[in-house]
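**Student:** So here's run_20.tsv (TSV, C-alpha atoms).
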chain	number	residue	atom	x	y	z
P	1	MET	CA	149.77	116.65	52.78
P	2	LYS	CA	153.44	115.65	53.02
P	3	ALA	CA	154.49	118.85	51.26
P	4	LEU	CA	152.49	120.89	53.74
P	5	ALA	CA	154.04	119.05	56.68
P	6	LEU	CA	157.54	119.62	55.25
P	7	PHE	CA	156.83	123.34	54.80
P	8	SER	CA	155.67	123.58	58.43
P	9	LEU	CA	158.82	121.85	59.62
P	10	LEU	CA	161.02	124.27	57.68
P	11	LEU	CA	159.26	127.20	59.34
P	12	LEU	CA	160.01	125.72	62.75
P	13	MET	CA	163.72	125.24	62.04
P	14	ALA	CA	164.48	128.92	62.35
P	15	SER	CA	163.15	129.11	65.90
P	16	CYS	CA	164.10	125.71	67.30
P	17	SER	CA	167.89	125.60	67.02
P	18	SER	CA	168.61	125.70	70.75
P	19	ILE	CA	167.10	125.26	74.20
P	20	LYS	CA	167.93	127.51	77.14
P	21	SER	CA	167.80	126.43	80.75
P	22	ILE	CA	164.57	127.56	82.39
P	23	GLN	CA	164.85	128.45	86.06
P	24	SER	CA	162.18	127.05	88.35
P	25	ASN	CA	160.52	129.01	91.16
P	26	GLU	CA	161.26	127.55	94.56
P	27	HIS	CA	159.70	128.66	97.82
P	28	LYS	CA	160.63	127.81	101.36
P	29	ASN	CA	157.38	125.90	101.83
P	30	SER	CA	157.60	123.97	98.55
P	31	PHE	CA	159.23	120.86	100.00
P	32	LYS	CA	157.19	117.77	100.60
P	33	LYS	CA	157.99	114.61	102.55
P	34	ILE	CA	157.58	111.41	100.57
P	35	ASN	CA	157.82	107.68	101.19
P	36	PRO	CA	159.57	106.28	98.07
P	37	ASP	CA	163.35	106.02	98.00
P	38	GLN	CA	165.03	109.01	96.42
P	39	VAL	CA	168.64	109.35	95.32
P	40	GLU	CA	170.58	112.17	93.78
P	41	LEU	CA	173.20	112.15	91.02
P	42	ASN	CA	175.90	114.79	90.91
P	43	LEU	CA	176.20	115.15	87.15
P	44	ASP	CA	177.22	118.73	86.39
P	45	GLN	CA	179.14	117.61	83.32
P	46	HIS	CA	178.54	114.79	80.89
P	47	PRO	CA	180.50	111.92	82.52
P	48	THR	CA	181.72	108.52	81.61
P	49	ASP	CA	180.15	105.72	83.61
P	50	LYS	CA	183.11	105.83	86.02
P	51	GLN	CA	182.43	109.46	86.86
P	52	ILE	CA	178.85	108.89	88.04
P	53	GLU	CA	178.69	109.13	91.82
P	54	MET	CA	175.67	108.46	94.00
P	55	LEU	CA	174.90	110.82	96.87
P	56	PRO	CA	173.02	109.87	100.07
P	57	PRO	CA	169.23	109.39	99.92
P	58	GLU	CA	166.95	112.31	100.78
P	59	GLU	CA	163.33	112.55	101.84
P	60	THR	CA	162.36	115.83	100.19
P	61	VAL	CA	161.24	116.70	96.70
P	62	ARG	CA	161.01	120.04	94.96
P	63	VAL	CA	157.47	120.84	93.93
P	64	GLY	CA	156.84	123.66	91.44
P	65	ASP	CA	153.98	126.16	91.29
P	66	ARG	CA	150.47	124.82	91.00
P	67	GLY	CA	148.94	124.33	87.58
P	68	GLY	CA	146.61	126.46	85.49
P	69	ASP	CA	142.88	126.84	85.37
P	70	VAL	CA	140.59	124.04	84.29
P	71	TYR	CA	137.05	124.63	83.16
P	72	SER	CA	134.54	121.94	84.02
P	73	ASN	CA	132.34	121.82	80.93
P	74	SER	CA	129.01	120.33	80.05
P	75	ASP	CA	128.98	117.42	77.62
P	76	ASN	CA	128.57	119.72	74.63
P	77	GLN	CA	131.48	121.85	75.96
P	78	GLU	CA	129.76	125.06	74.85
P	79	SER	CA	129.61	126.77	78.24
P	80	HIS	CA	131.90	126.98	81.25
P	81	THR	CA	129.91	125.86	84.26
P	82	GLU	CA	132.59	125.89	86.93
P	83	HIS	CA	136.04	127.36	87.36
P	84	LYS	CA	138.49	125.50	89.57
P	85	LYS	CA	142.19	124.82	89.74
P	86	ILE	CA	143.58	121.35	89.45
P	87	ARG	CA	147.12	120.10	88.91
P	88	PHE	CA	147.68	117.45	86.24
P	89	GLY	CA	150.34	114.75	86.33
P	90	LEU	CA	151.23	112.88	83.11
P	91	SER	CA	153.21	109.69	82.62
P	92	LEU	CA	154.30	108.63	79.11
P	93	GLY	CA	155.09	104.98	78.41
P	94	PRO	CA	157.74	103.48	76.12
P	95	GLY	CA	157.28	102.37	72.51
P	96	LEU	CA	160.36	103.35	70.45
P	97	TYR	CA	159.32	105.41	67.40
P	98	ARG	CA	155.63	105.16	68.22
P	99	THR	CA	156.33	107.71	70.96
P	100	ILE	CA	156.14	110.52	68.38
P	101	ASN	CA	152.37	110.04	68.70
P	102	TYR	CA	152.55	111.67	72.12
P	103	VAL	CA	152.83	114.94	70.15
P	104	PRO	CA	149.14	115.01	69.06
P	105	PHE	CA	148.22	113.80	72.55
P	106	LEU	CA	149.97	116.84	74.07
P	107	LYS	CA	148.38	119.12	71.48
P	108	ILE	CA	144.91	118.00	72.55
P	109	LEU	CA	145.72	118.44	76.23
P	110	GLU	CA	146.96	121.97	75.59
P	111	ARG	CA	143.98	122.97	73.47
P	112	GLN	CA	141.60	121.65	76.12
P	113	ASN	CA	143.47	123.60	78.83
P	114	LEU	CA	144.67	120.37	80.44
P	115	SER	CA	148.46	120.86	80.19
P	116	PRO	CA	150.36	118.77	82.77
P	117	GLU	CA	152.42	120.54	85.42
P	118	ILE	CA	154.12	117.29	86.46
P	119	ILE	CA	155.46	114.97	83.77
P	120	THR	CA	157.58	111.85	83.48
P	121	GLY	CA	158.18	109.01	81.05
P	122	THR	CA	160.14	105.84	80.34
P	123	GLY	CA	162.04	104.73	77.23
P	124	LEU	CA	161.69	107.23	74.39
P	125	GLY	CA	158.60	108.47	76.21
P	126	ALA	CA	161.05	109.99	78.71
P	127	ILE	CA	162.68	111.99	75.91
P	128	VAL	CA	159.31	113.42	74.84
P	129	ALA	CA	158.55	114.23	78.49
P	130	ALA	CA	161.92	115.95	78.92
P	131	MET	CA	161.40	118.08	75.81
P	132	TYR	CA	157.98	119.17	77.01
P	133	ALA	CA	159.24	119.82	80.55
P	134	VAL	CA	161.95	122.27	79.44
P	135	GLY	CA	159.41	124.28	77.46
P	136	MET	CA	159.34	122.85	73.93
P	137	THR	CA	155.94	123.09	72.27
P	138	PRO	CA	154.45	119.90	70.78
P	139	GLU	CA	155.25	121.32	67.34
P	140	VAL	CA	158.93	121.73	68.22
P	141	ILE	CA	159.06	118.21	69.67
P	142	GLU	CA	157.55	116.95	66.42
P	143	TRP	CA	160.16	118.77	64.36
P	144	ASN	CA	163.02	117.31	66.43
P	145	PHE	CA	161.77	113.77	65.95
P	146	TYR	CA	161.12	114.22	62.23
P	147	LYS	CA	164.63	115.60	61.79
P	148	TYR	CA	166.01	112.51	63.56
P	149	PHE	CA	163.81	110.17	61.50
P	150	LYS	CA	165.16	111.72	58.32
P	151	GLU	CA	168.82	111.37	59.29
P	152	LYS	CA	168.87	108.15	61.32
P	153	LYS	CA	170.91	105.15	60.22
P	154	LYS	CA	169.81	101.51	60.18
P	155	ASN	CA	171.10	100.77	63.67
P	156	LYS	CA	169.25	98.25	65.81
P	157	PRO	CA	167.37	99.82	68.72
P	158	TYR	CA	169.33	99.86	71.98
P	159	ASP	CA	172.67	98.82	70.49
P	160	GLN	CA	175.67	101.10	71.14
P	161	ASP	CA	175.58	102.94	67.81
P	162	TRP	CA	171.84	103.56	68.15
P	163	VAL	CA	172.25	105.10	71.60
P	164	LYS	CA	175.02	107.37	70.29
P	165	GLU	CA	172.77	108.42	67.43
P	166	ILE	CA	169.89	109.22	69.79
P	167	ASP	CA	172.28	111.15	72.00
P	168	THR	CA	173.58	113.27	69.12
P	169	ALA	CA	170.18	113.91	67.55
P	170	LEU	CA	167.93	114.34	70.60
P	171	LEU	CA	169.80	114.48	73.91
P	172	LEU	CA	172.59	117.03	73.35
P	173	LYS	CA	169.93	119.73	73.76
P	174	PHE	CA	169.84	118.85	77.47
P	175	LYS	CA	173.60	119.00	78.03
P	176	SER	CA	173.43	122.04	80.32
P	177	ILE	CA	169.94	121.56	81.77
P	178	ASN	CA	169.20	119.93	85.12
P	179	LEU	CA	165.98	118.29	86.28
P	180	GLN	CA	165.48	120.99	88.90
P	181	ASP	CA	165.63	123.75	86.25
P	182	THR	CA	162.70	122.71	84.06
P	183	LYS	CA	159.58	124.77	83.44
P	184	ARG	CA	157.34	121.88	84.46
P	185	LYS	CA	158.04	119.50	87.32
P	186	PHE	CA	159.98	116.65	85.70
P	187	PHE	CA	161.41	113.46	87.15
P	188	LEU	CA	162.92	110.26	85.78
P	189	THR	CA	162.88	106.69	87.08
P	190	LEU	CA	165.71	104.16	86.79
P	191	TYR	CA	166.06	100.57	87.95
P	192	ASP	CA	168.97	99.65	90.24
P	193	HIS	CA	170.02	96.03	89.77
P	194	ASN	CA	171.87	95.99	93.10
P	195	THR	CA	168.94	96.92	95.32
P	196	LYS	CA	166.28	95.53	92.96
P	197	LYS	CA	164.33	98.76	93.32
P	198	THR	CA	163.12	101.52	91.03
P	199	TYR	CA	164.38	104.98	92.05
P	200	TYR	CA	163.16	108.36	90.91
P	201	PHE	CA	165.38	111.35	90.30
P	202	ASP	CA	164.33	114.99	90.57
P	203	LYS	CA	167.91	116.35	90.48
P	204	GLY	CA	170.86	115.90	88.15
P	205	ASN	CA	171.68	116.47	84.51
P	206	ILE	CA	168.83	115.49	82.18
P	207	ARG	CA	171.07	114.23	79.37
P	208	ASP	CA	173.05	111.90	81.64
P	209	LEU	CA	169.95	110.41	83.19
P	210	LEU	CA	168.27	109.96	79.79
P	211	LEU	CA	171.34	108.05	78.58
P	212	LEU	CA	170.96	105.67	81.55
P	213	ASN	CA	167.27	105.43	80.66
P	214	LEU	CA	168.33	104.03	77.24
P	215	LYS	CA	170.06	101.04	78.85
P	216	LEU	CA	168.25	97.69	78.97
P	217	SER	CA	168.73	95.08	81.69
P	218	ASN	CA	171.19	93.11	79.55
P	219	ASN	CA	173.41	96.17	79.10
P	220	PHE	CA	173.14	98.29	82.24
P	221	SER	CA	175.64	101.00	83.26
P	222	VAL	CA	177.68	100.61	86.46
P	223	SER	CA	178.28	103.78	88.47
P	224	LYS	CA	181.41	104.59	90.46
P	225	SER	CA	179.72	103.69	93.71
P	226	GLY	CA	178.49	100.38	92.28
P	227	GLN	CA	174.89	101.07	91.27
P	228	LYS	CA	173.85	99.17	88.15
P	229	TYR	CA	171.23	101.17	86.27
P	230	SER	CA	168.92	100.41	83.37
P	231	THR	CA	165.61	101.75	82.12
P	232	ALA	CA	162.73	101.51	84.56
P	233	PHE	CA	160.07	100.24	82.14
P	234	GLU	CA	161.27	96.64	82.42
P	235	LYS	CA	160.24	96.75	86.08
P	236	GLU	CA	157.91	99.76	86.38
P	237	VAL	CA	156.25	101.80	83.65
P	238	PHE	CA	153.73	104.05	85.38
P	239	ASN	CA	153.49	105.08	89.02
P	240	ALA	CA	150.26	106.93	89.84
P	241	ARG	CA	151.02	106.93	93.57
P	242	LEU	CA	154.29	108.77	93.04
P	243	LEU	CA	152.66	111.38	90.78
P	244	LYS	CA	150.09	112.02	93.50
P	245	GLN	CA	152.77	112.32	96.17
P	246	LEU	CA	154.54	114.89	94.00
P	247	GLY	CA	151.38	117.02	93.96
P	248	ALA	CA	149.21	115.81	91.07
P	249	ASP	CA	145.46	116.15	91.68
P	250	PHE	CA	144.53	114.31	88.48
P	251	THR	CA	146.80	111.61	87.04
P	252	ILE	CA	147.01	110.63	83.36
P	253	ALA	CA	148.79	107.64	81.80
P	254	ALA	CA	149.40	107.58	78.03
P	255	ASP	CA	150.41	104.36	76.29
P	256	VAL	CA	151.52	103.81	72.68
P	257	LEU	CA	152.61	100.19	73.09
P	258	GLY	CA	149.25	98.49	73.44
P	259	SER	CA	148.97	94.71	73.18
P	260	LYS	CA	149.84	94.35	69.49
P	261	PHE	CA	153.20	95.40	68.09
P	262	ASP	CA	155.92	94.21	65.75
P	263	PHE	CA	159.23	95.30	64.25
P	264	ASP	CA	160.31	95.96	60.68
P	265	ASN	CA	163.53	94.14	61.55
P	266	ALA	CA	162.83	91.00	63.56
P	267	ASN	CA	164.11	91.21	67.14
P	268	GLU	CA	163.02	88.39	69.42
P	269	PHE	CA	164.74	89.88	72.46
P	270	LEU	CA	162.90	93.22	72.19
P	271	ILE	CA	159.61	91.44	71.46
P	272	GLY	CA	160.06	89.63	74.77
P	273	VAL	CA	160.99	92.84	76.61
P	274	TYR	CA	158.06	94.82	75.27
P	275	GLY	CA	155.70	91.89	75.66
P	276	ARG	CA	156.36	91.80	79.40
P	277	THR	CA	156.13	95.57	79.53
P	278	ALA	CA	152.73	95.55	77.81
P	279	GLY	CA	151.39	93.22	80.49
P	280	ARG	CA	152.76	95.45	83.23
P	281	ILE	CA	151.14	98.51	81.66
P	282	GLN	CA	147.70	96.91	81.79
P	283	LYS	CA	148.04	96.46	85.55
P	284	GLU	CA	149.58	99.82	86.39
P	285	ARG	CA	147.24	102.00	84.34
P	286	LYS	CA	144.30	101.03	86.56
P	287	ASP	CA	145.65	103.30	89.30
P	288	PHE	CA	145.28	106.47	87.17
P	289	ASP	CA	142.35	108.85	87.02
P	290	TYR	CA	142.49	108.60	83.23
P	291	SER	CA	144.54	106.25	81.05
P	292	VAL	CA	144.56	105.78	77.31
P	293	THR	CA	146.19	103.57	74.69
P	294	LEU	CA	146.56	105.25	71.31
P	295	PRO	CA	145.42	103.12	68.31
P	296	LEU	CA	148.81	102.29	66.77
P	297	ALA	CA	148.76	98.53	66.18
P	298	ALA	CA	149.63	99.01	62.49
P	299	MET	CA	152.78	101.05	63.25
P	300	ASN	CA	155.84	98.88	63.94
P	301	LEU	CA	157.96	99.96	66.89
P	302	ASP	CA	161.10	100.54	64.78
P	303	SER	CA	159.26	102.05	61.82
P	304	THR	CA	158.96	105.70	60.82
P	305	LYS	CA	156.88	105.00	57.71
P	306	GLU	CA	153.69	107.07	57.44
P	307	SER	CA	154.32	108.53	60.89
P	308	ALA	CA	152.44	111.70	59.88
P	309	LEU	CA	149.36	109.61	59.06
P	310	PHE	CA	149.49	107.82	62.41
P	311	MET	CA	149.85	111.14	64.20
P	312	GLN	CA	146.76	112.47	62.46
P	313	LYS	CA	144.80	109.37	63.52
P	314	SER	CA	146.05	109.79	67.09
P	315	TYR	CA	144.93	113.43	67.08
P	316	GLU	CA	141.45	112.53	65.83
P	317	PHE	CA	141.21	109.74	68.40
P	318	MET	CA	142.11	112.09	71.26
P	319	GLN	CA	139.59	114.67	70.05
P	320	LYS	CA	136.88	112.06	70.58
P	321	GLN	CA	138.33	111.28	74.02
P	322	SER	CA	138.04	114.88	75.26
P	323	PRO	CA	134.45	114.61	76.62
P	324	LEU	CA	135.44	111.49	78.58
P	325	ILE	CA	138.43	113.27	80.10
P	326	TYR	CA	136.25	116.18	81.17
P	327	ARG	CA	133.70	113.85	82.79
P	328	LYS	CA	136.46	112.13	84.76
P	329	ILE	CA	137.87	115.51	85.81
P	330	GLN	CA	134.41	116.59	87.00
P	331	VAL	CA	134.12	113.42	89.09
P	332	LYS	CA	137.54	114.12	90.60
P	333	LEU	CA	136.63	117.74	91.33
P	334	ASP	CA	133.43	116.62	93.01
P	335	ASN	CA	135.34	114.12	95.14
P	336	LEU	CA	137.92	116.75	96.12
P	337	SER	CA	135.13	119.17	96.99
P	338	ASN	CA	133.25	116.62	99.07
P	339	SER	CA	136.39	115.56	100.96
P	340	GLY	CA	137.17	119.22	101.67
P	341	ASN	CA	133.73	119.80	103.17
P	342	GLU	CA	133.94	116.86	105.55
Any chance you could put this one into structure tokens?

**Tutor:**
Amino acid sequence: MKALALFSLLLLMASCSSIKSIQSNEHKNSFKKINPDQVELNLDQHPTDKQIEMLPPEETVRVGDRGGDVYSNSDNQESHTEHKKIRFGLSLGPGLYRTINYVPFLKILERQNLSPEIITGTGLGAIVAAMYAVGMTPEVIEWNFYKYFKEKKKNKPYDQDWVKEIDTALLLKFKSINLQDTKRKFFLTLYDHNTKKTYYFDKGNIRDLLLLNLKLSNNFSVSKSGQKYSTAFEKEVFNARLLKQLGADFTIAADVLGSKFDFDNANEFLIGVYGRTAGRIQKERKDFDYSVTLPLAAMNLDSTKESALFMQKSYEFMQKQSPLIYRKIQVKLDNLSNSGNE
């Protein structure tokens, strides 16, 4: 099995060496007023912290084209009973190296014709979301993570050397790509320690914002204008309301953290951080049309051992979840239809 996986990865290497910026389609009527605070970073080049400058807040957000077709199936999924359009919004939670299990999750969504048109994430989940948003297939995302797993050093998660390693291995691909240029609608959230609020960004350089996303509250980055940023998941993991305001008809939250986790290398600080985050996830996921926690209790957060086996288990688990997702989609379609007839 491992030999087969390695052979597949080698085949992908020839076609996955670079990412090109994908231009989004914008129309004069594709701007939507929203309530949450929005800020914009002017990050045309990769800056030092001193070069980051905050621009004035705005009240508009770019919304891309509506999503693809969804077939509302019967329980046996053998016949298409109804053909309607619905736009999916997906939020991926944090979980360090467990986040590679979002790959089989995305594969199932694609094969069931449920690909998200709006996507976001926190922690390393944001990196997976960014890769998918710019047009990488789940297989290419998998190859990028496996390549990093093979070459990574024994740096502690979130220390300076670890962030540099993540940047070199996974983030340099986004050096010339902005949030507004992605194939799928993509946004990132960051926590500002000055205002004590979580802000979302739909503009700016993806790499720069992902680097800020890799900062914890004990090591935030200070911008030129004084904002002190760290990752959002310590204060907010999922935000179903925001996904809906950005145009999602059906919201999905995917979690790899769960309630049970550990580290290969003991880290009491991170156990505390992720422990609080796990509690927050349980509250926030209730606001989604569908939420799921992948069965990964046996995979330590900083471990890459047997990751292929865990991914296979995640894939099989999501296959069994497909009928439930379709039932929830049908309920949502019925509700949308009923509200439209009133």

**Student:** When you count all atoms listed in the file, which of these residues is closest to P:Lys175: P:Val237, P:Val163, P:Leu209, P:Ala254?

**Tutor:**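 Checking each of P:Val237, P:Val163, P:Leu209, P:Ala254 against P:Lys175, counting all atoms listed in the file, the winner is P:Leu209.
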
**Student:** Which residue out of P:Ala232, P:Ile86, P:Leu309, P:Leu243 has the minimum interatomic distance to P:Thr189 when all atoms listed in the file are used?

**Tutor:** P:Ala232

**Student:** I'd like the interatomic distance between atom CA of P:Asp192 and atom CA of P:Asn219, to a tenth of an Å.

**Tutor:** 12.5 Å

**Student:** Need to verify the contact set: stretch 108-120 of chain P, 7 Å, only C-alpha atoms, exclusion of same-chain residues closer than 2 positions in sequence. Can you return it as JSON, numbers by chain?

**Tutor:** {"P": [67, 70, 87, 88, 89, 90, 91, 92, 104, 105, 106, 126, 129, 133, 184, 185, 186, 187, 188, 248, 318, 319]}

**Student:** Need the shell around P:Glu284: protein/DNA/RNA residues with any atom at most 12 Å away, counting all atoms listed in the file. Skip same-chain ones fewer than 3 positions apart. Format as a list in words?

**Tutor:**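 Here the qualifying residues turn out to be Ser91, Gly93, Phe233, Lys235, Glu236, Val237, Phe238, Asn239, Ala240, Arg241, Ile252, Ala253, Ala254, Asp255, Thr277, Ala278, Gly279, Arg280, Ile281, Asp287, Phe288, Asp289, Tyr290, Ser291 and Val292 of chain P.
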
**Student:** Can you measure atom CA of P:Asn178 to atom CA of P:Lys244 for me? One decimal in Å is fine.

**Tutor:**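 Atom CA of P:Lys244 lies 22.3 Å from atom CA of P:Asn178.
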
**Student:** My list of candidates is P:Lys153, P:Lys107, P:Arg207, P:Arg327. Which is closest to P:Leu170 when distances are computed with all atoms listed in the file?

**Tutor:**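 Under the stated criterion, the closest residue is P:Arg207.
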
**Student:** Could you tell me how far atom CA of P:Ile325 lies from atom CA of P:Val256, in Å and to one decimal?

**Tutor:**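 Between atom CA of P:Ile325 and atom CA of P:Val256 the gap works out to 17.8 Å.
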
**Student:** Starting from the point (169.2, 90.4, 78.3), work out which residues of protein, DNA or RNA have an atom no more than 10 Å away when counting all atoms listed in the file; state them as number ranges by chain.

**Tutor:** P: 216-220, 269-270, 272-273

**Student:** Name all residues at most 8 Å from P:Gly258 (count only C-alpha atoms; drop same-chain ones fewer than 2 positions away) and give them as a count of residues only.

**Tutor:** 10

**Student:** So, with all atoms listed in the file as the atoms that count, which of P:Pro323, P:Tyr315, P:Gln282, P:Asn265 lies closest to P:Lys154?

**Tutor:**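 Among the listed residues, P:Asn265 lies closest to P:Lys154.
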
**Student:** May I have the residues at most 12 Å from (169.5, 101.2, 72.1) in the file's coordinates, counting all atoms listed in the file, as a PyMOL selection string?

**Tutor:** chain P and resi 96-97+123-124+154-167+210-220+230-231+270+302

**Student:** Select, from P:Asn144, P:Thr198, P:Thr99, P:Asn335, the residue with the minimum atom-to-atom distance to P:Asp249, counting all atoms listed in the file.

**Tutor:**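 Among the listed residues, P:Asn335 lies closest to P:Asp249.
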
**Student:** Would you please work out which residue, of P:Ala298, P:Gly95, P:Glu234, P:Thr304, is nearest to P:Phe145 when using all atoms listed in the file?

**Tutor:**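 Checking each candidate against P:Phe145, we get P:Thr304 as the closest.
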